[in-house]
file model_30.csv (CSV, C-alpha atoms)
chain,number,residue,atom,x,y,z
A,1,MET,CA,104.3,120.4,106.4
A,2,LYS,CA,101.2,118.3,106.4
A,3,THR,CA,100.2,119.6,103.0
A,4,MET,CA,103.6,118.7,101.7
A,5,LEU,CA,103.3,115.2,103.0
A,6,LYS,CA,99.9,114.8,101.5
A,7,TRP,CA,101.0,116.0,98.0
A,8,GLY,CA,104.2,114.0,98.5
A,9,THR,CA,102.1,110.8,99.0
A,10,GLY,CA,100.1,111.6,95.8
A,11,ILE,CA,103.2,112.2,93.7
A,12,TRP,CA,104.9,109.2,95.3
A,13,LEU,CA,102.1,106.8,94.4
A,14,SER,CA,101.7,108.2,90.9
A,15,LEU,CA,105.4,107.6,90.4
A,16,THR,CA,105.0,104.1,91.8
A,17,ILE,CA,102.2,103.3,89.4
A,18,VAL,CA,104.3,104.4,86.4
A,19,MET,CA,107.3,102.5,87.6
A,20,ALA,CA,105.2,99.3,88.3
A,21,PHE,CA,104.4,99.2,84.6
A,22,LEU,CA,107.4,100.8,82.9
A,23,TYR,CA,110.4,100.2,85.2
A,24,ALA,CA,109.7,96.9,86.8
A,25,PRO,CA,110.9,94.1,84.5
A,26,GLU,CA,108.5,91.4,83.4
A,27,MET,CA,108.2,88.5,85.8
A,28,THR,CA,108.5,84.9,84.6
A,29,ARG,CA,107.1,81.7,86.0
A,30,PRO,CA,108.1,78.0,85.3
A,31,ASN,CA,106.3,76.1,82.6
A,32,MET,CA,106.0,72.5,83.9
A,33,ALA,CA,105.3,71.2,80.4
A,34,THR,CA,108.3,72.6,78.6
A,35,GLY,CA,110.7,73.0,81.5
A,36,GLY,CA,111.3,76.6,80.6
A,37,PHE,CA,109.9,79.9,81.8
A,38,ASP,CA,106.9,81.8,80.5
A,39,ALA,CA,106.2,85.6,80.7
A,40,TRP,CA,103.8,86.5,83.5
A,41,PRO,CA,102.4,90.0,82.8
A,42,SER,CA,99.6,89.7,85.3
A,43,PHE,CA,102.3,89.6,88.0
A,44,ARG,CA,102.3,93.5,88.1
A,45,ILE,CA,99.2,93.4,90.1
A,46,VAL,CA,101.4,92.3,93.1
A,47,PHE,CA,102.4,95.9,93.5
A,48,PHE,CA,98.8,96.8,94.4
A,49,HIS,CA,97.5,93.5,95.8
A,50,VAL,CA,100.1,92.8,98.4
A,51,PRO,CA,100.3,96.3,99.8
A,52,CYS,CA,96.5,96.4,100.2
A,53,SER,CA,96.8,93.2,102.2
A,54,TRP,CA,99.6,94.4,104.4
A,55,ILE,CA,97.8,97.7,105.1
A,56,ALA,CA,94.7,95.8,106.1
A,57,PHE,CA,96.8,93.8,108.5
A,58,LEU,CA,98.4,97.1,109.8
A,59,ALA,CA,95.0,98.8,110.2
A,60,PHE,CA,93.5,95.9,112.1
A,61,GLY,CA,96.6,95.9,114.3
A,62,VAL,CA,96.3,99.6,115.0
A,63,SER,CA,92.6,99.1,115.9
A,64,MET,CA,93.6,96.3,118.3
A,65,VAL,CA,96.2,98.5,120.0
A,66,ALA,CA,93.7,101.4,120.3
A,67,SER,CA,91.1,99.0,121.7
A,68,ILE,CA,93.5,97.7,124.4
A,69,MET,CA,94.3,101.4,125.2
A,70,TYR,CA,90.6,102.2,125.4
A,71,LEU,CA,90.0,99.3,127.9
A,72,LYS,CA,92.9,100.6,130.0
A,73,ARG,CA,91.7,104.2,130.0
A,74,PRO,CA,88.5,104.9,128.1
A,75,THR,CA,88.6,108.0,125.9
A,76,VAL,CA,86.4,109.0,123.0
A,77,TYR,CA,89.5,109.5,120.8
A,78,ARG,CA,90.7,105.9,121.3
A,79,ASP,CA,87.3,104.4,120.5
A,80,THR,CA,87.1,106.6,117.4
A,81,LEU,CA,90.6,105.6,116.3
A,82,ALA,CA,89.8,101.9,116.7
A,83,MET,CA,86.6,102.3,114.7
A,84,ALA,CA,88.2,104.3,111.9
A,85,SER,CA,91.2,102.0,111.6
A,86,ASN,CA,88.9,99.0,111.4
A,87,GLN,CA,86.9,100.7,108.7
A,88,LEU,CA,90.0,101.3,106.7
A,89,GLY,CA,91.3,97.8,107.3
A,90,PHE,CA,88.0,96.5,106.0
A,91,LEU,CA,88.3,98.7,102.9
A,92,PHE,CA,91.8,97.6,102.2
A,93,CYS,CA,90.8,94.0,102.8
A,94,ILE,CA,88.1,94.4,100.2
A,95,LEU,CA,90.6,95.9,97.8
A,96,ALA,CA,93.0,93.0,98.4
A,97,THR,CA,90.2,90.6,97.7
A,98,ALA,CA,89.1,92.4,94.5
A,99,THR,CA,92.7,92.6,93.1
A,100,GLY,CA,93.2,89.0,94.1
A,101,MET,CA,90.1,88.0,92.2
A,102,LEU,CA,91.2,89.9,89.1
A,103,TRP,CA,94.6,88.1,89.3
A,104,ALA,CA,92.8,84.7,89.9
A,105,LYS,CA,90.6,85.2,86.8
A,106,HIS,CA,93.7,85.8,84.7
A,107,ASP,CA,95.8,83.0,86.2
A,108,TRP,CA,93.4,80.4,87.4
A,109,GLY,CA,90.5,80.9,85.0
A,110,ALA,CA,87.9,82.0,87.5
A,111,TYR,CA,87.4,85.0,89.9
A,112,TRP,CA,86.6,82.7,92.8
A,113,ASN,CA,88.0,79.2,93.4
A,114,TRP,CA,87.4,78.6,97.1
A,115,ASP,CA,91.2,78.5,97.3
A,116,PRO,CA,92.3,78.5,101.0
A,117,ARG,CA,93.7,82.0,100.8
A,118,GLN,CA,90.5,83.3,99.1
A,119,THR,CA,88.3,81.5,101.7
A,120,SER,CA,90.4,82.7,104.6
A,121,ILE,CA,90.2,86.4,103.5
A,122,LEU,CA,86.4,86.0,103.1
A,123,ILE,CA,86.2,84.7,106.6
A,124,LEU,CA,88.2,87.7,107.8
A,125,LEU,CA,85.9,90.1,106.0
A,126,LEU,CA,82.9,88.4,107.7
A,127,ILE,CA,84.5,88.6,111.1
A,128,TYR,CA,85.1,92.4,110.7
A,129,ALA,CA,81.6,92.9,109.2
A,130,GLY,CA,80.5,91.5,112.6
A,131,TYR,CA,82.4,94.4,114.3
A,132,PHE,CA,80.3,97.0,112.4
A,133,LEU,CA,77.1,95.1,113.0
A,134,LEU,CA,77.9,95.1,116.7
A,135,ARG,CA,78.5,98.8,116.8
A,136,SER,CA,75.3,99.6,114.9
A,137,SER,CA,73.3,97.4,117.3
A,138,VAL,CA,74.3,99.0,120.6
A,139,SER,CA,72.8,102.4,121.3
A,140,ASP,CA,74.6,103.3,124.5
A,141,GLU,CA,77.9,105.0,123.7
A,142,ARG,CA,80.1,103.6,126.5
A,143,LYS,CA,78.7,100.1,126.2
A,144,ARG,CA,79.2,100.2,122.4
A,145,ALA,CA,82.8,101.4,122.8
A,146,ARG,CA,83.6,98.7,125.4
A,147,LEU,CA,82.0,95.8,123.5
A,148,SER,CA,83.7,97.0,120.2
A,149,ALA,CA,87.0,97.2,121.9
A,150,VAL,CA,86.8,93.6,123.2
A,151,TYR,CA,85.5,92.4,119.8
A,152,SER,CA,88.4,94.2,118.0
A,153,ILE,CA,91.0,92.5,120.2
A,154,VAL,CA,89.5,89.1,119.8
A,155,ALA,CA,89.0,89.6,116.0
A,156,PHE,CA,92.7,90.5,115.6
A,157,VAL,CA,93.7,87.2,117.1
A,158,THR,CA,92.3,85.5,114.0
A,159,VAL,CA,94.1,87.8,111.6
A,160,PRO,CA,97.6,86.3,111.6
A,161,PHE,CA,96.1,82.9,111.6
A,162,LEU,CA,93.8,83.5,108.6
A,163,MET,CA,96.3,85.7,106.7
A,164,PHE,CA,99.5,83.8,107.2
A,165,VAL,CA,99.0,80.3,108.7
A,166,VAL,CA,96.0,78.8,107.0
A,167,PRO,CA,97.1,79.5,103.4
A,168,ARG,CA,100.5,77.9,104.2
A,169,ILE,CA,99.3,74.7,105.9
A,170,MET,CA,96.9,73.8,103.1
A,171,PHE,CA,97.6,73.3,99.5
A,172,SER,CA,96.9,76.6,97.6
A,173,LEU,CA,97.1,77.8,94.1
A,174,HIS,CA,98.2,81.2,95.5
A,175,PRO,CA,101.9,81.9,94.8
A,176,SER,CA,104.3,81.4,97.8
A,177,PRO,CA,106.3,84.3,99.2
A,178,ILE,CA,108.7,85.6,96.5
A,179,ILE,CA,110.5,88.4,98.3
A,180,GLU,CA,113.7,86.5,98.6
A,181,THR,CA,117.3,87.6,98.3
A,182,GLY,CA,119.4,86.2,95.5
A,183,ALA,CA,118.7,85.9,91.9
A,184,GLU,CA,116.7,82.7,91.8
A,185,LYS,CA,114.3,82.2,89.0
A,186,GLY,CA,110.8,83.0,90.1
A,187,SER,CA,111.8,85.4,92.9
A,188,MET,CA,111.7,89.2,92.9
A,189,ASP,CA,114.7,91.0,91.4
A,190,SER,CA,116.0,94.3,92.8
A,191,LYS,CA,114.0,96.6,90.5
A,192,MET,CA,110.8,94.8,91.4
A,193,LYS,CA,111.7,95.0,95.1
A,194,THR,CA,112.2,98.7,94.8
A,195,VAL,CA,108.8,99.3,93.2
A,196,PHE,CA,107.2,96.9,95.8
A,197,TYR,CA,108.6,98.8,98.8
A,198,MET,CA,107.7,102.1,97.2
A,199,ALA,CA,104.1,100.8,96.8
A,200,LEU,CA,104.1,99.7,100.4
A,201,LEU,CA,105.3,103.1,101.6
A,202,GLY,CA,102.8,104.9,99.4
A,203,PHE,CA,99.8,102.9,100.6
A,204,SER,CA,100.9,103.4,104.2
A,205,GLY,CA,100.9,107.1,103.6
A,206,VAL,CA,97.4,107.0,102.2
A,207,TYR,CA,96.2,104.9,105.2
A,208,ILE,CA,97.7,107.4,107.7
A,209,TRP,CA,96.2,110.3,105.8
A,210,VAL,CA,92.7,108.9,105.5
A,211,LEU,CA,92.8,107.7,109.1
A,212,GLY,CA,93.5,111.3,110.1
A,213,ILE,CA,90.6,112.6,108.0
A,214,ARG,CA,88.2,109.9,109.3
A,215,THR,CA,89.1,110.5,113.0
A,216,GLN,CA,88.7,114.3,112.5
A,217,MET,CA,85.3,113.8,110.9
A,218,GLU,CA,84.1,111.6,113.7
A,219,SER,CA,85.4,114.0,116.3
A,220,LEU,CA,83.7,117.0,114.6
A,221,GLN,CA,80.4,115.0,114.4
A,222,ARG,CA,80.5,114.4,118.1
A,223,ARG,CA,81.2,118.0,118.9
A,224,LEU,CA,78.4,119.2,116.7
A,225,GLN,CA,76.0,116.7,118.3
A,226,SER,CA,76.9,117.8,121.8
B,1,MET,CA,102.6,96.4,74.9
B,2,SER,CA,99.7,98.9,74.2
B,3,ASP,CA,97.6,96.9,76.7
B,4,LEU,CA,100.3,97.8,79.3
B,5,TYR,CA,99.9,101.5,78.6
B,6,VAL,CA,96.0,101.3,78.7
B,7,VAL,CA,96.0,99.5,82.1
B,8,MET,CA,98.7,101.9,83.5
B,9,THR,CA,96.7,105.0,82.3
B,10,THR,CA,93.5,103.6,83.7
B,11,VAL,CA,95.1,102.9,87.1
B,12,LEU,CA,96.8,106.4,87.1
B,13,VAL,CA,93.5,108.2,86.2
B,14,VAL,CA,91.7,106.3,89.0
B,15,TRP,CA,94.4,107.1,91.5
B,16,VAL,CA,94.5,110.8,90.6
B,17,GLY,CA,90.7,110.9,90.9
B,18,VAL,CA,90.9,109.3,94.4
B,19,PHE,CA,93.7,111.6,95.4
B,20,LEU,CA,92.0,114.8,94.3
B,21,TYR,CA,88.8,113.6,96.2
B,22,LEU,CA,90.9,113.1,99.3
B,23,VAL,CA,92.4,116.6,99.0
B,24,SER,CA,89.0,118.2,98.7
B,25,LEU,CA,87.6,116.2,101.6
B,26,ASP,CA,90.6,117.2,103.7
B,27,ARG,CA,90.0,120.9,103.0
B,28,LYS,CA,86.3,120.6,103.8
B,29,VAL,CA,87.1,118.9,107.1
B,30,ALA,CA,89.7,121.6,108.0
B,31,ARG,CA,87.2,124.4,107.1
B,32,LEU,CA,84.5,122.7,109.3
B,33,LYS,CA,86.9,122.3,112.2
B,34,ARG,CA,87.8,126.1,112.0
B,35,GLU,CA,84.1,127.0,112.0
B,36,VAL,CA,83.3,124.7,115.0
B,37,ASP,CA,86.3,126.1,116.9
B,38,ARG,CA,85.2,129.6,116.1
B,39,ASN,CA,81.6,128.9,117.3
B,40,GLU,CA,82.8,127.3,120.5
call {"tool": "encode", "arguments": {"input": "model_30.csv", "output": "structure tokens"}}
result
Amino acid sequence: MKTMLKWGTGIWLSLTIVMAFLYAPEMTRPNMATGGFDAWPSFRIVFFHVPCSWIAFLAFGVSMVASIMYLKRPTVYRDTLAMASNQLGFLFCILATATGMLWAKHDWGAYWNWDPRQTSILILLLIYAGYFLLRSSVSDERKRARLSAVYSIVAFVTVPFLMFVVPRIMFSLHPSPIIETGAEKGSMDSKMKTVFYMALLGFSGVYIWVLGIRTQMESLQRRLQS
Amino acid sequence: MSDLYVVMTTVLVVWVGVFLYLVSLDRKVARLKREVDRNE
């Protein structure tokens, strides 16, 4: 069953990639100068950029929940789950930043513009880099797990603020949310939404799979050491 | 249009590479787990 799910995830994401380029229609954006609409080919990166960002949010959230559970009743597994999920959240956050930078280069002319959304995600990366620094600086296992759990919970408080609030209260070059119902110009149509949700599901599958591998590896390492 | 196919193929090749790496890692971890269980 697990093997089928893993291969299913692989085939699903492969299909999503093909559909993102061949099935999803071209997006347009308004041209202020002419009053018309221009083709927007770089938009297709949204099928990778946004799911990476959402999975980062999910992973940090899972870590926070595991950390709360650890503080309620400390077990090695809960600490491992929190750490592994934060690692994956960090990785997906980097991927979201990298894809965002590629998109920024194409649309805004430079990889980095100190745009509020770019700056807020950089701050988020620094906050979670602090989590790994903390873990590597404490040698006692229980103390490390307890401090990491507290840090993870506090760090997640900043995530909704940095990811969703800051970029909306300040002027930003970043496109506003476009997953809207209806056929308004500049919003996602049904084909795009299909591919978008497929990508979200596929990336979620990859996250769950890699989280499983990572927690198993960590558990095996502890068993071998003991 | 050809740029579209080039980018799509690149992304697909990268993903297939990552996927096959994850599959091999998964198998190694499963094999290690069986050995550790057997030795314990």
call {"tool": "residues_around", "arguments": {"input": "model_30.csv", "residues": "region 21-25 of chain B", "least_positions_apart": "5", "cutoff": "12 Å", "atoms": "only C-alpha atoms", "output": "PyMOL selection string"}}
result
(chain A and resi 2-7+9-10+206-207+209-214+216-217) or (chain B and resi 14-16+30-32)
call {"tool": "atom_distance", "arguments": {"input": "model_30.csv", "atom1": "CA of Val195 (chain A)", "atom2": "CA of Phe161 (chain A)"}}
result
27.7 Å
call {"tool": "residues_around", "arguments": {"input": "model_30.csv", "residues": "Phe47 (chain A)", "least_positions_apart": "2", "cutoff": "10 Å", "atoms": "all atoms listed in the file", "output": "list of chain:residue names"}}
result
A:Thr16, A:Ile17, A:Ala20, A:Phe21, A:Ala24, A:Phe43, A:Arg44, A:Ile45, A:His49, A:Val50, A:Pro51, A:Cys52, A:Met192, A:Lys193, A:Val195, A:Phe196, A:Tyr197, A:Met198, A:Ala199, A:Leu200
call {"tool": "closest_atom_pairs", "arguments": {"input": "model_30.csv", "of": "chain B", "to": "chain A", "cutoff": "10 Å", "atoms": "all atoms listed in the file", "output": "CSV"}}
result
residue,atom,partner,partner_atom,distance
B:Leu4,CA,A:Phe21,CA,6.8
B:Tyr5,CA,A:Phe21,CA,7.8
B:Val7,CA,A:Phe21,CA,8.8
B:Met8,CA,A:Phe21,CA,6.4
B:Thr9,CA,A:Val18,CA,8.7
B:Val11,CA,A:Ile17,CA,7.5
B:Leu12,CA,A:Ser14,CA,6.5
B:Val13,CA,A:Ser14,CA,9.5
B:Trp15,CA,A:Ser14,CA,7.4
B:Val16,CA,A:Ser14,CA,7.7
B:Val18,CA,A:Gly10,CA,9.6
B:Phe19,CA,A:Gly10,CA,6.4
B:Leu20,CA,A:Gly10,CA,8.8
B:Leu22,CA,A:Val210,CA,7.7
B:Val23,CA,A:Lys6,CA,8.1
B:Leu25,CA,A:Ile213,CA,7.9
B:Asp26,CA,A:Ile213,CA,6.3
B:Arg27,CA,A:Ile213,CA,9.7
B:Lys28,CA,A:Met217,CA,9.9
B:Val29,CA,A:Met217,CA,6.6
B:Ala30,CA,A:Gln216,CA,8.6
B:Leu32,CA,A:Leu220,CA,7.8
B:Lys33,CA,A:Leu220,CA,6.6
B:Val36,CA,A:Leu224,CA,7.6
B:Asp37,CA,A:Leu220,CA,9.7
B:Glu40,CA,A:Arg223,CA,9.6
call {"tool": "closest_residue", "arguments": {"input": "model_30.csv", "among": "A:Gly202, A:Gly100, A:Gly8, A:Gly36", "to": "Leu122 (chain A)", "atoms": "all atoms listed in the file"}}
result
A:Gly100
call {"tool": "atom_distance", "arguments": {"input": "model_30.csv", "atom1": "CA of Tyr151 (chain A)", "atom2": "CA of Thr97 (chain A)"}}
result
22.7 Å
call {"tool": "atom_distance", "arguments": {"input": "model_30.csv", "atom1": "CA of Tyr77 (chain A)", "atom2": "CA of Val62 (chain A)"}}
result
13.3 Å
call {"tool": "residues_around", "arguments": {"input": "model_30.csv", "residues": "Phe132 (chain A)", "least_positions_apart": "2", "cutoff": "10 Å", "atoms": "all atoms listed in the file", "output": "list in words"}}
result
Met83, Asn86, Gln87, Ile127, Tyr128, Ala129, Gly130, Leu134, Arg135, Ser136, Ser137 and Ser148 of chain A
call {"tool": "residues_around", "arguments": {"input": "model_30.csv", "residues": "Met101 (chain A)", "least_positions_apart": "5", "cutoff": "12 Å", "atoms": "all atoms listed in the file", "output": "list in words"}}
result
Ser42, Ile45, His49, Ile94, Leu95, Ala96, His106, Asp107, Trp108, Gly109, Ala110, Tyr111, Trp112, Asn113, Trp114, Asp115, Arg117, Gln118, Thr119, Ile121, Leu122 and His174 of chain A
call {"tool": "closest_residue", "arguments": {"input": "model_30.csv", "among": "A:Ala66, A:Val150, A:Ile55, A:Met32", "to": "Ala84 (chain A)", "atoms": "only C-alpha atoms"}}
result
A:Ala66
call {"tool": "build_atoms", "arguments": {"input": "model_30.csv", "residues": "region 190-201 of chain A", "atoms": "all heavy atoms", "output": "tab-separated table (two decimals), in the frame of the given file"}}
result
chain	number	residue	atom	x	y	z
A	190	SER	N	115.84	93.07	92.05
A	190	SER	CA	116.00	94.30	92.80
A	190	SER	C	115.09	95.42	92.33
A	190	SER	O	114.57	96.20	93.13
A	190	SER	CB	117.47	94.76	92.77
A	190	SER	OG	117.86	94.93	91.44
A	191	LYS	N	114.87	95.52	91.01
A	191	LYS	CA	114.00	96.60	90.50
A	191	LYS	C	112.56	96.36	90.98
A	191	LYS	O	111.87	97.31	91.38
A	191	LYS	CB	113.99	96.56	88.95
A	191	LYS	CG	115.22	97.20	88.33
A	191	LYS	CD	115.10	97.22	86.82
A	191	LYS	CE	116.31	97.89	86.19
A	191	LYS	NZ	116.25	97.90	84.72
A	192	MET	N	112.13	95.12	90.96
A	192	MET	CA	110.80	94.80	91.40
A	192	MET	C	110.65	95.10	92.92
A	192	MET	O	109.63	95.62	93.37
A	192	MET	CB	110.47	93.34	91.19
A	192	MET	CG	110.10	93.05	89.77
A	192	MET	SD	109.62	91.35	89.63
A	192	MET	CE	109.33	91.27	87.89
A	193	LYS	N	111.69	94.74	93.68
A	193	LYS	CA	111.70	95.00	95.10
A	193	LYS	C	111.56	96.48	95.38
A	193	LYS	O	110.85	96.91	96.28
A	193	LYS	CB	112.92	94.41	95.78
A	193	LYS	CG	112.75	92.99	96.28
A	193	LYS	CD	113.95	92.56	97.09
A	193	LYS	CE	114.37	91.19	96.64
A	193	LYS	NZ	115.65	90.75	97.19
A	194	THR	N	112.29	97.29	94.60
A	194	THR	CA	112.20	98.70	94.80
A	194	THR	C	110.81	99.24	94.60
A	194	THR	O	110.30	99.98	95.44
A	194	THR	CB	113.14	99.44	93.71
A	194	THR	OG1	114.44	98.92	93.82
A	194	THR	CG2	113.17	100.95	93.90
A	195	VAL	N	110.17	98.83	93.50
A	195	VAL	CA	108.80	99.30	93.20
A	195	VAL	C	107.85	98.75	94.31
A	195	VAL	O	106.95	99.46	94.77
A	195	VAL	CB	108.33	98.82	91.83
A	195	VAL	CG1	106.91	99.28	91.55
A	195	VAL	CG2	109.27	99.34	90.75
A	196	PHE	N	108.08	97.51	94.73
A	196	PHE	CA	107.20	96.90	95.80
A	196	PHE	C	107.28	97.70	97.06
A	196	PHE	O	106.24	98.02	97.64
A	196	PHE	CB	107.65	95.45	95.99
A	196	PHE	CG	106.84	94.75	97.03
A	196	PHE	CD1	105.57	94.28	96.77
A	196	PHE	CD2	107.35	94.58	98.32
A	196	PHE	CE1	104.81	93.66	97.74
A	196	PHE	CE2	106.59	93.96	99.30
A	196	PHE	CZ	105.32	93.49	99.00
A	197	TYR	N	108.49	98.02	97.51
A	197	TYR	CA	108.60	98.80	98.80
A	197	TYR	C	108.11	100.20	98.62
A	197	TYR	O	107.56	100.77	99.57
A	197	TYR	CB	110.05	98.73	99.28
A	197	TYR	CG	110.47	97.36	99.76
A	197	TYR	CD1	111.63	96.74	99.28
A	197	TYR	CD2	109.69	96.64	100.67
A	197	TYR	CE1	112.00	95.47	99.70
A	197	TYR	CE2	110.06	95.37	101.09
A	197	TYR	CZ	111.20	94.79	100.61
A	197	TYR	OH	111.55	93.53	101.01
A	198	MET	N	108.25	100.76	97.41
A	198	MET	CA	107.70	102.10	97.20
A	198	MET	C	106.17	102.05	97.30
A	198	MET	O	105.56	102.94	97.87
A	198	MET	CB	108.04	102.57	95.74
A	198	MET	CG	109.42	103.14	95.60
A	198	MET	SD	109.79	103.62	93.91
A	198	MET	CE	108.77	105.06	93.67
A	199	ALA	N	105.57	100.98	96.74
A	199	ALA	CA	104.10	100.80	96.80
A	199	ALA	C	103.66	100.67	98.27
A	199	ALA	O	102.67	101.26	98.70
A	199	ALA	CB	103.66	99.62	95.99
A	200	LEU	N	104.44	99.89	99.02
A	200	LEU	CA	104.10	99.70	100.40
A	200	LEU	C	104.13	100.99	101.20
A	200	LEU	O	103.21	101.29	101.97
A	200	LEU	CB	105.14	98.70	101.00
A	200	LEU	CG	104.73	97.77	102.13
A	200	LEU	CD1	103.51	96.94	101.75
A	200	LEU	CD2	105.87	96.82	102.47
A	201	LEU	N	105.15	101.79	100.94
A	201	LEU	CA	105.30	103.10	101.60
A	201	LEU	C	104.16	104.03	101.19
A	201	LEU	O	103.56	104.72	102.02
A	201	LEU	CB	106.64	103.71	101.23
A	201	LEU	CG	107.16	104.82	102.12
A	201	LEU	CD1	107.39	104.31	103.53
A	201	LEU	CD2	108.48	105.37	101.56
